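Quick notes on the structure that follows.
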Amino acid sequence: MAKVLTKYVCQSCGYVSPRWVGKCPNCSAWNTFVEEAQRPLKASRKPAGVSSNVEPISLADVEREDVPRIKTNFNEFDRVLGGGLVPGSLVLLGGDPGIGKSTLMMQLALQMRDLIVVYVTGEESVRQIKLRAERLDASKAPNILLLAETNLDLILDVLERDIPDLLIVDSIQTMYRPGLESAPGSVGQMRESTALLLRLAKTRNLPIFVVGHVTKEGIIAGPKVIEHMVDTVLQFEGEAHYSYRILRALKNRFGSTNEIGIFEMQEDGLREVKNASEVFLSQRHYGSSGSTVVASIEGTRPILVEVQALVTSTNYGLPQRNCTGFDYRRLALLLAVLEKRVGMNLGQNDVFVNIAGGIKIDEPAVDMGIAVSITSSLRDIPVDSNAVAVGEIGLGGEIRTVGQIEKRVQEAAKLGFKKIIIPQNNLKSVKTQGEIEIIGVEKIEQAIEELVG
Ligand code: TYD
Ligand code: MG
């Protein structure tokens with residue numbers, strides 16, 4: 001094989017060097033050189049100035065093409081993709097190591113029985129893959145072909161001979177092109193490998209999934225460096241000690257990035273969670289203080305979750321503030337508001353806040369629930385267990401409006417809650433009527449009054 005000529009390019013200023021250097025002679029940045037293949041531009045046959053048959057076309061004349069999508073038979077997955085897999089698309093699945101990316105990919109391959117799927121594994125041996133497939137109770141899947149190889153040029157040779165219906169590459173960080181000197185997992189290798197796969201996807205109309213580990217700074221680059229090249233970026237996330245996993249689209253050329261898919265990791269693989277609120281509330285403990293139900297919007301779906309708080313007196317040293325599933329700085333802000341506007345004294349208390357079920361919530365609409373839980377725990381008075389709290393808290397202690405109020409109210413009503421406390425200004429846009437009592441509040445004190453009494 002002819003040796004590929006390479007060059008090193010500074011990622012900060014574009015300076016080109018024939019060999020790797022630690023510090024850029026041009027912009028003085030450290031560690032910014034990345035190996036790239038040199039591809040001399042082929043000289044155009046036409047002399048300059050001669051018109052070609054490239055012509056602009058009016059936008060109105062462009063016909064819309066409805067791409068038929070391939071269903072993955074995983075509803076949650078199809079929804080996140082925007083209605084199924086688009087042929088010829090390159091999809092990146094990122095996530096922390098051990099979160100379940102390989103499991104998700106294998107299950108997907110197992111479910112698409114009518115398609116020939118090539119599963120390229122650079123991390124595990126074919127026996128390990130077999131073990132996993134047995135756990136997933138489908139070891140006799142004739143449609144899956146395994147390829148344990150990391151040399152992408154060899155992999156492409158195999159694929160060119162016999163093109164499958166779907167290709168899965170697990171993971172992009174283990175793949176390399178022999179022409180480049182740098183190690184697999186380096187920025188240069190990842191970009192080259194991705195570019196090659198992208199070409200394969202587009203020229204053969206082959207859908208490809210590439211798995212990428214999110215890394216905490218290190219010699220292996222994270223999937224971020226190839227996000228701009230792929231069509232769709234999916235992220236698989238969850239807390240290591242909980243079984244729930246959330247699939248999110250961070251970028252999608254073929255659909256919205258609003259949708260999320262919820263899965264639960266079980267002994268025999270991932271299960272779709274269709275009724276998220278019921279699942280997240282199933283372990284709720286009634287009658288104890290410090291627990292409030294909030295209506296959050298994840299993607300376009302409302303989800304009811306329990307927020308818990310525990311306030312205890314500080315035994316020694318500085319009071320602790322601890323948060324799981326919620327932004328720590330936001331908690332500090334809410335505590336400050338409670339002290340200043342409600343007159344609560346929390347200077348001698350440890351405060352722990354937890355979003356039950358191990359999911360993360362970063363929308364401010366859960367503020368009210370958190371403030372109410374903290375108050376309830378401090379006073380040791382249980383929160384009305386038939387009520388749901390929704391509202392953002394401002395620095396003045398005022399309750400600010402939240403988006404998509406109707407969906408939240410409906411979800412609370414659907415699950416049999418009797419009362420929902422919402423921002424006063426949201427009240428006029430709620431249409432739901434019937435069983436559930438809807439109360440608008442303007443100040444955090446009112447919400448506390450309604451819920452903790
Ligand atoms: P894996 O898919 O290997 O993660 P990744 O590819 O993202 O690194 O799965 C990791 C974890 O999932 C592992 O700790 C075991 C667990 N697991 C189950 O709980 N149930 C199962 O059926 C399978 C296959 C894995
Ligand atoms: Mg894996």
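In the structure tokens, each chain is lettered A, B, ... as it comes, each chain's residues begin at 1, and ligands are numbered from 1 in order of appearance.
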
7 Å shell around ligand 1 using only C-alpha atoms and all ligand atoms, listed as a count of residues only: 19

Please return as an mmCIF file with N, CA and C atoms, in the first residue's frame: the residues of segment 148-378 of chain A that backbone DSSP assigns to strand (DSSP E or B).
data_model
loop_
_atom_site.group_PDB
_atom_site.id
_atom_site.type_symbol
_atom_site.label_atom_id
_atom_site.label_comp_id
_atom_site.auth_asym_id
_atom_site.auth_seq_id
_atom_site.Cartn_x
_atom_site.Cartn_y
_atom_site.Cartn_z
ATOM 1 N N ASN A 151 -8.448 -2.165 11.876
ATOM 2 C CA ASN A 151 -7.868 -1.503 10.713
ATOM 3 C C ASN A 151 -8.977 -1.160 9.728
ATOM 4 N N LEU A 166 -26.893 -2.506 7.238
ATOM 5 C CA LEU A 166 -26.606 -1.610 8.355
ATOM 6 C C LEU A 166 -25.221 -1.934 8.895
ATOM 7 N N LEU A 167 -24.466 -0.881 9.227
ATOM 8 C CA LEU A 167 -23.129 -1.093 9.766
ATOM 9 C C LEU A 167 -23.043 -0.452 11.146
ATOM 10 N N ILE A 168 -22.478 -1.200 12.084
ATOM 11 C CA ILE A 168 -22.269 -0.645 13.427
ATOM 12 C C ILE A 168 -20.778 -0.701 13.726
ATOM 13 N N VAL A 169 -20.196 0.406 14.107
ATOM 14 C CA VAL A 169 -18.765 0.443 14.420
ATOM 15 C C VAL A 169 -18.605 0.767 15.899
ATOM 16 N N ASP A 170 -18.107 -0.193 16.659
ATOM 17 C CA ASP A 170 -18.008 -0.059 18.124
ATOM 18 C C ASP A 170 -16.556 -0.266 18.539
ATOM 19 N N TYR A 176 -8.464 2.659 13.251
ATOM 20 C CA TYR A 176 -7.350 3.456 12.760
ATOM 21 C C TYR A 176 -7.122 3.216 11.277
ATOM 22 N N ILE A 208 -25.016 4.017 8.975
ATOM 23 C CA ILE A 208 -23.913 3.585 9.845
ATOM 24 C C ILE A 208 -24.080 4.187 11.234
ATOM 25 N N PHE A 209 -23.899 3.352 12.247
ATOM 26 C CA PHE A 209 -23.820 3.830 13.624
ATOM 27 C C PHE A 209 -22.378 3.770 14.066
ATOM 28 N N VAL A 210 -21.853 4.844 14.630
ATOM 29 C CA VAL A 210 -20.537 4.742 15.260
ATOM 30 C C VAL A 210 -20.692 5.054 16.743
ATOM 31 N N VAL A 211 -20.048 4.225 17.555
ATOM 32 C CA VAL A 211 -20.104 4.407 18.995
ATOM 33 C C VAL A 211 -18.875 5.204 19.416
ATOM 34 N N GLY A 212 -19.041 6.166 20.298
ATOM 35 C CA GLY A 212 -17.901 6.946 20.788
ATOM 36 C C GLY A 212 -17.982 7.127 22.287
ATOM 37 N N HIS A 213 -16.895 6.837 22.973
ATOM 38 C CA HIS A 213 -16.897 7.021 24.428
ATOM 39 C C HIS A 213 -16.635 8.467 24.778
ATOM 40 N N THR A 232 -26.186 12.809 12.664
ATOM 41 C CA THR A 232 -26.961 12.783 13.892
ATOM 42 C C THR A 232 -26.048 12.440 15.065
ATOM 43 N N VAL A 233 -26.206 13.155 16.152
ATOM 44 C CA VAL A 233 -25.437 12.840 17.361
ATOM 45 C C VAL A 233 -26.412 12.438 18.457
ATOM 46 N N LEU A 234 -26.300 11.217 18.904
ATOM 47 C CA LEU A 234 -27.151 10.761 19.994
ATOM 48 C C LEU A 234 -26.306 10.618 21.238
ATOM 49 N N GLN A 235 -26.915 10.882 22.367
ATOM 50 C CA GLN A 235 -26.186 10.709 23.615
ATOM 51 C C GLN A 235 -26.960 9.793 24.541
ATOM 52 N N PHE A 236 -26.254 8.827 25.088
ATOM 53 C CA PHE A 236 -26.887 7.875 25.991
ATOM 54 C C PHE A 236 -26.397 8.213 27.385
ATOM 55 N N GLU A 237 -27.298 8.537 28.274
ATOM 56 C CA GLU A 237 -26.842 8.986 29.587
ATOM 57 C C GLU A 237 -27.640 8.378 30.717
ATOM 58 N N TYR A 244 -32.082 3.567 35.027
ATOM 59 C CA TYR A 244 -32.679 4.313 33.921
ATOM 60 C C TYR A 244 -31.642 4.934 33.014
ATOM 61 N N ARG A 245 -31.915 4.891 31.730
ATOM 62 C CA ARG A 245 -31.024 5.479 30.738
ATOM 63 C C ARG A 245 -31.848 6.391 29.835
ATOM 64 N N ILE A 246 -31.260 7.516 29.496
ATOM 65 C CA ILE A 246 -31.963 8.443 28.611
ATOM 66 C C ILE A 246 -31.183 8.628 27.320
ATOM 67 N N LEU A 247 -31.896 8.500 26.213
ATOM 68 C CA LEU A 247 -31.286 8.693 24.905
ATOM 69 C C LEU A 247 -31.754 10.034 24.373
ATOM 70 N N ARG A 248 -30.807 10.865 23.988
ATOM 71 C CA ARG A 248 -31.103 12.231 23.594
ATOM 72 C C ARG A 248 -30.457 12.505 22.248
ATOM 73 N N ALA A 249 -31.112 13.284 21.396
ATOM 74 C CA ALA A 249 -30.457 13.706 20.165
ATOM 75 C C ALA A 249 -29.867 15.087 20.398
ATOM 76 N N LEU A 250 -28.558 15.227 20.254
ATOM 77 C CA LEU A 250 -27.931 16.534 20.433
ATOM 78 C C LEU A 250 -27.900 17.290 19.123
ATOM 79 N N LYS A 251 -27.937 16.516 18.039
ATOM 80 C CA LYS A 251 -27.943 17.114 16.707
ATOM 81 C C LYS A 251 -28.657 16.132 15.807
ATOM 82 N N ASN A 252 -29.504 16.630 14.917
ATOM 83 C CA ASN A 252 -30.180 15.709 14.013
ATOM 84 C C ASN A 252 -30.526 16.412 12.713
ATOM 85 N N ILE A 260 -36.734 12.672 23.606
ATOM 86 C CA ILE A 260 -35.833 11.786 24.335
ATOM 87 C C ILE A 260 -36.460 10.397 24.384
ATOM 88 N N GLY A 261 -35.624 9.405 24.584
ATOM 89 C CA GLY A 261 -36.121 8.042 24.749
ATOM 90 C C GLY A 261 -35.687 7.578 26.127
ATOM 91 N N ILE A 262 -36.574 6.899 26.827
ATOM 92 C CA ILE A 262 -36.211 6.432 28.164
ATOM 93 C C ILE A 262 -36.150 4.905 28.179
ATOM 94 N N PHE A 263 -35.066 4.387 28.701
ATOM 95 C CA PHE A 263 -34.878 2.941 28.769
ATOM 96 C C PHE A 263 -34.545 2.545 30.197
ATOM 97 N N GLU A 264 -34.745 1.274 30.466
ATOM 98 C CA GLU A 264 -34.314 0.764 31.756
ATOM 99 C C GLU A 264 -33.395 -0.417 31.496
ATOM 100 N N MET A 265 -32.227 -0.414 32.134
ATOM 101 C CA MET A 265 -31.277 -1.511 31.951
ATOM 102 C C MET A 265 -31.643 -2.631 32.905
ATOM 103 N N GLN A 266 -31.951 -3.782 32.333
ATOM 104 C CA GLN A 266 -32.309 -4.910 33.182
ATOM 105 C C GLN A 266 -31.316 -6.038 33.000
ATOM 106 N N GLY A 269 -30.993 -7.007 29.278
ATOM 107 C CA GLY A 269 -30.948 -5.943 28.282
ATOM 108 C C GLY A 269 -31.801 -4.730 28.591
ATOM 109 N N LEU A 270 -31.904 -3.844 27.610
ATOM 110 C CA LEU A 270 -32.620 -2.586 27.799
ATOM 111 C C LEU A 270 -34.096 -2.742 27.468
ATOM 112 N N ARG A 271 -34.943 -2.170 28.290
ATOM 113 C CA ARG A 271 -36.380 -2.155 28.043
ATOM 114 C C ARG A 271 -36.810 -0.728 27.805
ATOM 115 N N GLU A 272 -37.777 -0.550 26.927
ATOM 116 C CA GLU A 272 -38.298 0.802 26.718
ATOM 117 C C GLU A 272 -39.216 1.159 27.880
ATOM 118 N N SER A 291 -40.627 15.562 50.493
ATOM 119 C CA SER A 291 -40.821 14.967 49.166
ATOM 120 C C SER A 291 -41.947 15.681 48.422
ATOM 121 N N THR A 292 -41.641 16.181 47.232
ATOM 122 C CA THR A 292 -42.641 16.874 46.413
ATOM 123 C C THR A 292 -42.622 16.298 45.006
ATOM 124 N N VAL A 293 -43.785 16.239 44.373
ATOM 125 C CA VAL A 293 -43.844 15.781 42.985
ATOM 126 C C VAL A 293 -43.829 17.005 42.071
ATOM 127 N N VAL A 294 -42.953 16.979 41.070
ATOM 128 C CA VAL A 294 -42.897 18.092 40.129
ATOM 129 C C VAL A 294 -43.221 17.578 38.727
ATOM 130 N N ALA A 295 -43.695 18.473 37.871
ATOM 131 C CA ALA A 295 -43.975 18.099 36.492
ATOM 132 C C ALA A 295 -42.920 18.748 35.616
ATOM 133 N N SER A 296 -42.030 17.928 35.103
ATOM 134 C CA SER A 296 -40.949 18.451 34.280
ATOM 135 C C SER A 296 -41.191 18.081 32.826
ATOM 136 N N ILE A 297 -40.592 18.819 31.919
ATOM 137 C CA ILE A 297 -40.713 18.471 30.508
ATOM 138 C C ILE A 297 -39.363 17.944 30.045
ATOM 139 N N GLU A 298 -39.350 16.717 29.576
ATOM 140 C CA GLU A 298 -38.113 16.151 29.029
ATOM 141 C C GLU A 298 -38.353 15.980 27.540
ATOM 142 N N ARG A 301 -42.020 15.637 26.132
ATOM 143 C CA ARG A 301 -42.909 14.859 26.983
ATOM 144 C C ARG A 301 -42.891 15.341 28.420
ATOM 145 N N PRO A 302 -44.058 15.398 29.044
ATOM 146 C CA PRO A 302 -44.066 15.730 30.461
ATOM 147 C C PRO A 302 -43.720 14.497 31.293
ATOM 148 N N ILE A 303 -42.943 14.695 32.333
ATOM 149 C CA ILE A 303 -42.623 13.584 33.229
ATOM 150 C C ILE A 303 -42.802 14.057 34.655
ATOM 151 N N LEU A 304 -43.528 13.282 35.429
ATOM 152 C CA LEU A 304 -43.663 13.624 36.838
ATOM 153 C C LEU A 304 -42.568 12.903 37.605
ATOM 154 N N VAL A 305 -41.838 13.645 38.409
ATOM 155 C CA VAL A 305 -40.800 13.031 39.229
ATOM 156 C C VAL A 305 -40.873 13.565 40.646
ATOM 157 N N GLU A 306 -40.287 12.799 41.543
ATOM 158 C CA GLU A 306 -40.290 13.183 42.940
ATOM 159 C C GLU A 306 -38.970 13.875 43.263
ATOM 160 N N VAL A 307 -39.047 15.061 43.864
ATOM 161 C CA VAL A 307 -37.803 15.675 44.340
ATOM 162 C C VAL A 307 -37.776 15.566 45.855
ATOM 163 N N GLN A 308 -36.652 15.128 46.377
ATOM 164 C CA GLN A 308 -36.534 14.903 47.807
ATOM 165 C C GLN A 308 -35.520 15.860 48.397
ATOM 166 N N ALA A 309 -35.789 16.283 49.612
ATOM 167 C CA ALA A 309 -34.815 17.112 50.321
ATOM 168 C C ALA A 309 -34.698 16.601 51.744
ATOM 169 N N LEU A 310 -33.508 16.729 52.280
ATOM 170 C CA LEU A 310 -33.289 16.361 53.676
ATOM 171 C C LEU A 310 -32.498 17.498 54.310
ATOM 172 N N VAL A 311 -33.081 18.081 55.339
ATOM 173 C CA VAL A 311 -32.414 19.186 56.021
ATOM 174 C C VAL A 311 -32.125 18.742 57.454
ATOM 175 N N THR A 312 -30.870 18.735 57.823
ATOM 176 C CA THR A 312 -30.504 18.317 59.184
ATOM 177 C C THR A 312 -29.587 19.379 59.790
ATOM 178 N N SER A 313 -29.444 19.361 61.076
ATOM 179 C CA SER A 313 -28.563 20.376 61.649
ATOM 180 C C SER A 313 -27.104 19.960 61.496
ATOM 181 N N ARG A 321 -23.955 21.302 51.514
ATOM 182 C CA ARG A 321 -25.027 21.358 50.519
ATOM 183 C C ARG A 321 -24.709 20.292 49.492
ATOM 184 N N ASN A 322 -25.641 19.383 49.280
ATOM 185 C CA ASN A 322 -25.371 18.276 48.380
ATOM 186 C C ASN A 322 -26.540 18.030 47.435
ATOM 187 N N CYS A 323 -26.224 17.749 46.199
ATOM 188 C CA CYS A 323 -27.248 17.712 45.168
ATOM 189 C C CYS A 323 -27.037 16.527 44.234
ATOM 190 N N THR A 324 -28.073 15.763 43.957
ATOM 191 C CA THR A 324 -27.968 14.698 42.946
ATOM 192 C C THR A 324 -29.051 14.909 41.902
ATOM 193 N N ASN A 349 -27.664 24.402 58.929
ATOM 194 C CA ASN A 349 -28.226 23.133 58.471
ATOM 195 C C ASN A 349 -27.489 22.561 57.268
ATOM 196 N N ASP A 350 -27.392 21.237 57.238
ATOM 197 C CA ASP A 350 -26.940 20.556 56.023
ATOM 198 C C ASP A 350 -28.172 20.363 55.156
ATOM 199 N N VAL A 351 -27.999 20.566 53.840
ATOM 200 C CA VAL A 351 -29.142 20.381 52.939
ATOM 201 C C VAL A 351 -28.765 19.396 51.842
ATOM 202 N N PHE A 352 -29.558 18.340 51.708
ATOM 203 C CA PHE A 352 -29.338 17.356 50.641
ATOM 204 C C PHE A 352 -30.554 17.357 49.734
ATOM 205 N N VAL A 353 -30.316 17.406 48.430
ATOM 206 C CA VAL A 353 -31.431 17.363 47.483
ATOM 207 C C VAL A 353 -31.181 16.239 46.492
ATOM 208 N N ASN A 354 -32.232 15.515 46.184
ATOM 209 C CA ASN A 354 -32.093 14.371 45.289
ATOM 210 C C ASN A 354 -33.302 14.282 44.365
ATOM 211 N N ILE A 355 -33.040 14.085 43.069
ATOM 212 C CA ILE A 355 -34.140 13.818 42.142
ATOM 213 C C ILE A 355 -34.258 12.292 42.101
#

Gly416 of chain A surroundings by only C-alpha atoms, 12 Å radius, close-in-sequence under 2 positions cut, as a PyMOL selection string: chain A and resi 277-278+304+385-388+409-414+418-420+434-437

Selection from above, N, CA, C and O atoms, as a JSON list (two decimals), in the first residue's frame, can you write it?
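The new file selection.json reads:
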[["chain", "number", "residue", "atom", "x", "y", "z"],
["A", 277, "SER", "N", -43.72, 8.67, 33.89],
["A", 277, "SER", "CA", -44.15, 9.22, 35.18],
["A", 277, "SER", "C", -44.48, 8.12, 36.18],
["A", 277, "SER", "O", -44.08, 8.17, 37.33],
["A", 278, "GLU", "N", -45.24, 7.12, 35.72],
["A", 278, "GLU", "CA", -45.61, 6.04, 36.63],
["A", 278, "GLU", "C", -44.39, 5.35, 37.20],
["A", 278, "GLU", "O", -44.33, 5.01, 38.37],
["A", 304, "LEU", "N", -43.53, 13.28, 35.43],
["A", 304, "LEU", "CA", -43.66, 13.62, 36.84],
["A", 304, "LEU", "C", -42.57, 12.90, 37.61],
["A", 304, "LEU", "O", -42.38, 11.70, 37.45],
["A", 385, "SER", "N", -49.67, 15.08, 49.57],
["A", 385, "SER", "CA", -49.22, 14.03, 48.65],
["A", 385, "SER", "C", -50.07, 13.93, 47.40],
["A", 385, "SER", "O", -49.75, 13.19, 46.47],
["A", 386, "ASN", "N", -51.15, 14.69, 47.35],
["A", 386, "ASN", "CA", -51.99, 14.68, 46.16],
["A", 386, "ASN", "C", -51.71, 15.85, 45.23],
["A", 386, "ASN", "O", -52.45, 16.10, 44.30],
["A", 387, "ALA", "N", -50.63, 16.59, 45.54],
["A", 387, "ALA", "CA", -50.38, 17.81, 44.79],
["A", 387, "ALA", "C", -49.07, 17.75, 44.00],
["A", 387, "ALA", "O", -48.15, 17.01, 44.34],
["A", 388, "VAL", "N", -49.05, 18.55, 42.92],
["A", 388, "VAL", "CA", -47.86, 18.66, 42.08],
["A", 388, "VAL", "C", -47.45, 20.14, 42.07],
["A", 388, "VAL", "O", -48.32, 21.02, 42.09],
["A", 409, "VAL", "N", -50.02, 20.06, 33.29],
["A", 409, "VAL", "CA", -51.26, 19.92, 34.04],
["A", 409, "VAL", "C", -51.96, 18.63, 33.63],
["A", 409, "VAL", "O", -52.45, 17.87, 34.46],
["A", 410, "GLN", "N", -51.98, 18.38, 32.33],
["A", 410, "GLN", "CA", -52.65, 17.17, 31.84],
["A", 410, "GLN", "C", -52.03, 15.90, 32.40],
["A", 410, "GLN", "O", -52.72, 14.96, 32.78],
["A", 411, "GLU", "N", -50.71, 15.88, 32.43],
["A", 411, "GLU", "CA", -50.02, 14.69, 32.94],
["A", 411, "GLU", "C", -50.36, 14.47, 34.42],
["A", 411, "GLU", "O", -50.60, 13.35, 34.85],
["A", 412, "ALA", "N", -50.40, 15.56, 35.18],
["A", 412, "ALA", "CA", -50.73, 15.45, 36.61],
["A", 412, "ALA", "C", -52.16, 14.93, 36.77],
["A", 412, "ALA", "O", -52.43, 14.06, 37.60],
["A", 413, "ALA", "N", -53.06, 15.46, 35.94],
["A", 413, "ALA", "CA", -54.46, 15.02, 36.02],
["A", 413, "ALA", "C", -54.58, 13.55, 35.63],
["A", 413, "ALA", "O", -55.28, 12.77, 36.27],
["A", 414, "LYS", "N", -53.84, 13.17, 34.61],
["A", 414, "LYS", "CA", -53.90, 11.79, 34.11],
["A", 414, "LYS", "C", -53.46, 10.80, 35.18],
["A", 414, "LYS", "O", -53.99, 9.71, 35.29],
["A", 418, "LYS", "N", -54.72, 15.54, 42.60],
["A", 418, "LYS", "CA", -55.94, 16.33, 42.84],
["A", 418, "LYS", "C", -55.70, 17.83, 42.73],
["A", 418, "LYS", "O", -56.61, 18.61, 42.61],
["A", 419, "LYS", "N", -54.41, 18.22, 42.81],
["A", 419, "LYS", "CA", -54.11, 19.65, 42.90],
["A", 419, "LYS", "C", -52.78, 19.92, 42.21],
["A", 419, "LYS", "O", -51.85, 19.12, 42.31],
["A", 420, "ILE", "N", -52.71, 21.04, 41.52],
["A", 420, "ILE", "CA", -51.43, 21.44, 40.94],
["A", 420, "ILE", "C", -51.21, 22.93, 41.19],
["A", 420, "ILE", "O", -52.11, 23.74, 40.96],
["A", 434, "GLY", "N", -61.73, 19.94, 35.16],
["A", 434, "GLY", "CA", -62.25, 18.67, 35.65],
["A", 434, "GLY", "C", -61.74, 18.35, 37.03],
["A", 434, "GLY", "O", -61.71, 19.22, 37.90],
["A", 435, "GLU", "N", -61.29, 17.13, 37.20],
["A", 435, "GLU", "CA", -60.92, 16.60, 38.51],
["A", 435, "GLU", "C", -59.86, 17.42, 39.25],
["A", 435, "GLU", "O", -59.92, 17.58, 40.44],
["A", 436, "ILE", "N", -58.89, 17.93, 38.50],
["A", 436, "ILE", "CA", -57.74, 18.55, 39.16],
["A", 436, "ILE", "C", -57.96, 20.03, 39.47],
["A", 436, "ILE", "O", -58.46, 20.79, 38.64],
["A", 437, "GLU", "N", -57.61, 20.42, 40.69],
["A", 437, "GLU", "CA", -57.73, 21.81, 41.10],
["A", 437, "GLU", "C", -56.44, 22.53, 40.73],
["A", 437, "GLU", "O", -55.34, 22.09, 41.06]]

Filtered DSSP result for segment 28-182 of chain A, state alpha helix (DSSP H), as a ChimeraX atom specification: /A:75-81,101-111,126-135,152-161

Mind checking which residues fall within 8 Å of Asn426 of chain A, counting only C-alpha atoms, ignoring those fewer than 3 positions away in the same chain, and posting them as a compact mmCIF listing (two decimals) with N, CA and C atoms, in the first residue's frame?
# COMPACT_ATOMS: atom_id res chain seq x y z
N THR A 401 -43.21 32.33 35.12
CA THR A 401 -43.93 31.42 34.23
C THR A 401 -43.01 30.34 33.66
N VAL A 402 -43.61 29.24 33.32
CA VAL A 402 -42.86 28.14 32.70
C VAL A 402 -43.52 27.80 31.36
N ILE A 405 -47.23 24.61 29.89
CA ILE A 405 -47.95 24.36 31.14
C ILE A 405 -49.08 23.35 30.95
N ILE A 422 -49.30 26.21 40.17
CA ILE A 422 -48.57 26.72 39.01
C ILE A 422 -48.37 28.23 39.13
N PRO A 423 -47.50 28.81 38.30
CA PRO A 423 -47.32 30.26 38.35
C PRO A 423 -48.63 30.99 38.00
N SER A 429 -53.51 30.49 30.56
CA SER A 429 -53.31 29.65 29.37
C SER A 429 -53.62 28.17 29.61
N VAL A 430 -54.14 27.84 30.79
CA VAL A 430 -54.48 26.43 31.04
C VAL A 430 -55.92 26.16 30.64
N GLY A 440 -53.02 29.14 41.07
CA GLY A 440 -51.93 30.00 40.63
C GLY A 440 -51.32 30.73 41.81

Coordinates-based distance that separates atom CA of Thr203 of chain A from atom CA of Val54 of chain A (Å, one decimal): 20.4 Å

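For the pair atom CA of Ile359 of chain A and atom CA of Gly222 of chain A, the interatomic distance is 23.0 Å.
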
For atom CA of Gly403 of chain A and atom CA of Ala371 of chain A, the interatomic separation in Å (one decimal): 19.3 Å

Contacts of Ile155 of chain A within 12 Å, only C-alpha atoms, excl. fewer than 4 positions in-chain, as JSON, numbers by chain: {"A": [118, 119, 120, 121, 122, 146, 147, 148, 149, 150, 151, 159, 160, 161, 162, 163, 167, 168, 169, 175, 176, 177, 178, 193, 196, 197, 200]}

Can you write out the residues you just picked, keeping N, CA and C atoms, as a compact mmCIF listing (two decimals), in the first residue's frame?
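Okay, this is what ended up in out.txt:
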# COMPACT_ATOMS: atom_id res chain seq x y z
N VAL A 118 -23.72 -5.68 9.89
CA VAL A 118 -22.34 -5.99 10.20
C VAL A 118 -21.96 -5.21 11.45
N TYR A 119 -21.51 -5.94 12.48
CA TYR A 119 -21.14 -5.32 13.75
C TYR A 119 -19.64 -5.38 13.86
N VAL A 120 -18.97 -4.24 13.70
CA VAL A 120 -17.52 -4.20 13.80
C VAL A 120 -17.15 -3.94 15.25
N THR A 121 -16.40 -4.84 15.84
CA THR A 121 -16.04 -4.64 17.24
C THR A 121 -14.55 -4.46 17.39
N GLY A 122 -14.17 -3.34 17.95
CA GLY A 122 -12.75 -3.07 18.14
C GLY A 122 -12.39 -3.19 19.61
N LEU A 146 -20.34 -10.59 12.65
CA LEU A 146 -19.38 -9.90 13.52
C LEU A 146 -18.04 -9.78 12.81
N LEU A 147 -17.38 -8.67 13.05
CA LEU A 147 -16.08 -8.43 12.46
C LEU A 147 -15.19 -7.82 13.53
N ALA A 148 -14.25 -8.62 14.04
CA ALA A 148 -13.36 -8.10 15.09
C ALA A 148 -12.11 -7.58 14.42
N GLU A 149 -12.08 -6.30 14.14
CA GLU A 149 -10.97 -5.71 13.41
C GLU A 149 -10.93 -4.22 13.72
N THR A 150 -9.73 -3.65 13.71
CA THR A 150 -9.66 -2.22 13.98
C THR A 150 -9.02 -1.44 12.82
N ASN A 151 -8.45 -2.17 11.88
CA ASN A 151 -7.87 -1.50 10.71
C ASN A 151 -8.98 -1.16 9.73
N LEU A 159 -16.24 -4.81 3.42
CA LEU A 159 -17.56 -4.25 3.16
C LEU A 159 -17.81 -4.00 1.68
N GLU A 160 -16.74 -3.63 0.96
CA GLU A 160 -16.90 -3.36 -0.47
C GLU A 160 -17.33 -4.62 -1.20
N ARG A 161 -16.85 -5.78 -0.72
CA ARG A 161 -17.21 -7.04 -1.36
C ARG A 161 -18.69 -7.33 -1.20
N ASP A 162 -19.17 -7.10 0.00
CA ASP A 162 -20.54 -7.49 0.32
C ASP A 162 -21.15 -6.40 1.18
N ILE A 163 -21.94 -5.54 0.58
CA ILE A 163 -22.43 -4.40 1.34
C ILE A 163 -23.64 -4.80 2.20
N LEU A 167 -24.47 -0.88 9.23
CA LEU A 167 -23.13 -1.09 9.77
C LEU A 167 -23.04 -0.45 11.15
N ILE A 168 -22.48 -1.20 12.08
CA ILE A 168 -22.27 -0.64 13.43
C ILE A 168 -20.78 -0.70 13.73
N VAL A 169 -20.20 0.41 14.11
CA VAL A 169 -18.76 0.44 14.42
C VAL A 169 -18.61 0.77 15.90
N MET A 175 -10.69 2.49 16.09
CA MET A 175 -10.42 2.33 14.65
C MET A 175 -9.19 3.15 14.24
N TYR A 176 -8.46 2.66 13.25
CA TYR A 176 -7.35 3.46 12.76
C TYR A 176 -7.12 3.22 11.28
N ARG A 177 -6.47 4.18 10.67
CA ARG A 177 -6.05 4.02 9.27
C ARG A 177 -4.54 3.90 9.29
N PRO A 178 -4.01 2.84 8.64
CA PRO A 178 -2.58 2.57 8.75
C PRO A 178 -1.71 3.68 8.15
N SER A 193 -10.96 8.43 10.13
CA SER A 193 -11.84 7.26 10.13
C SER A 193 -13.28 7.69 9.89
N LEU A 196 -13.90 8.65 6.29
CA LEU A 196 -13.98 7.46 5.44
C LEU A 196 -15.36 6.81 5.56
N LEU A 197 -15.84 6.70 6.79
CA LEU A 197 -17.16 6.09 7.01
C LEU A 197 -18.26 6.95 6.41
N LEU A 200 -18.43 6.29 2.81
CA LEU A 200 -19.06 4.99 2.59
C LEU A 200 -20.58 5.10 2.74
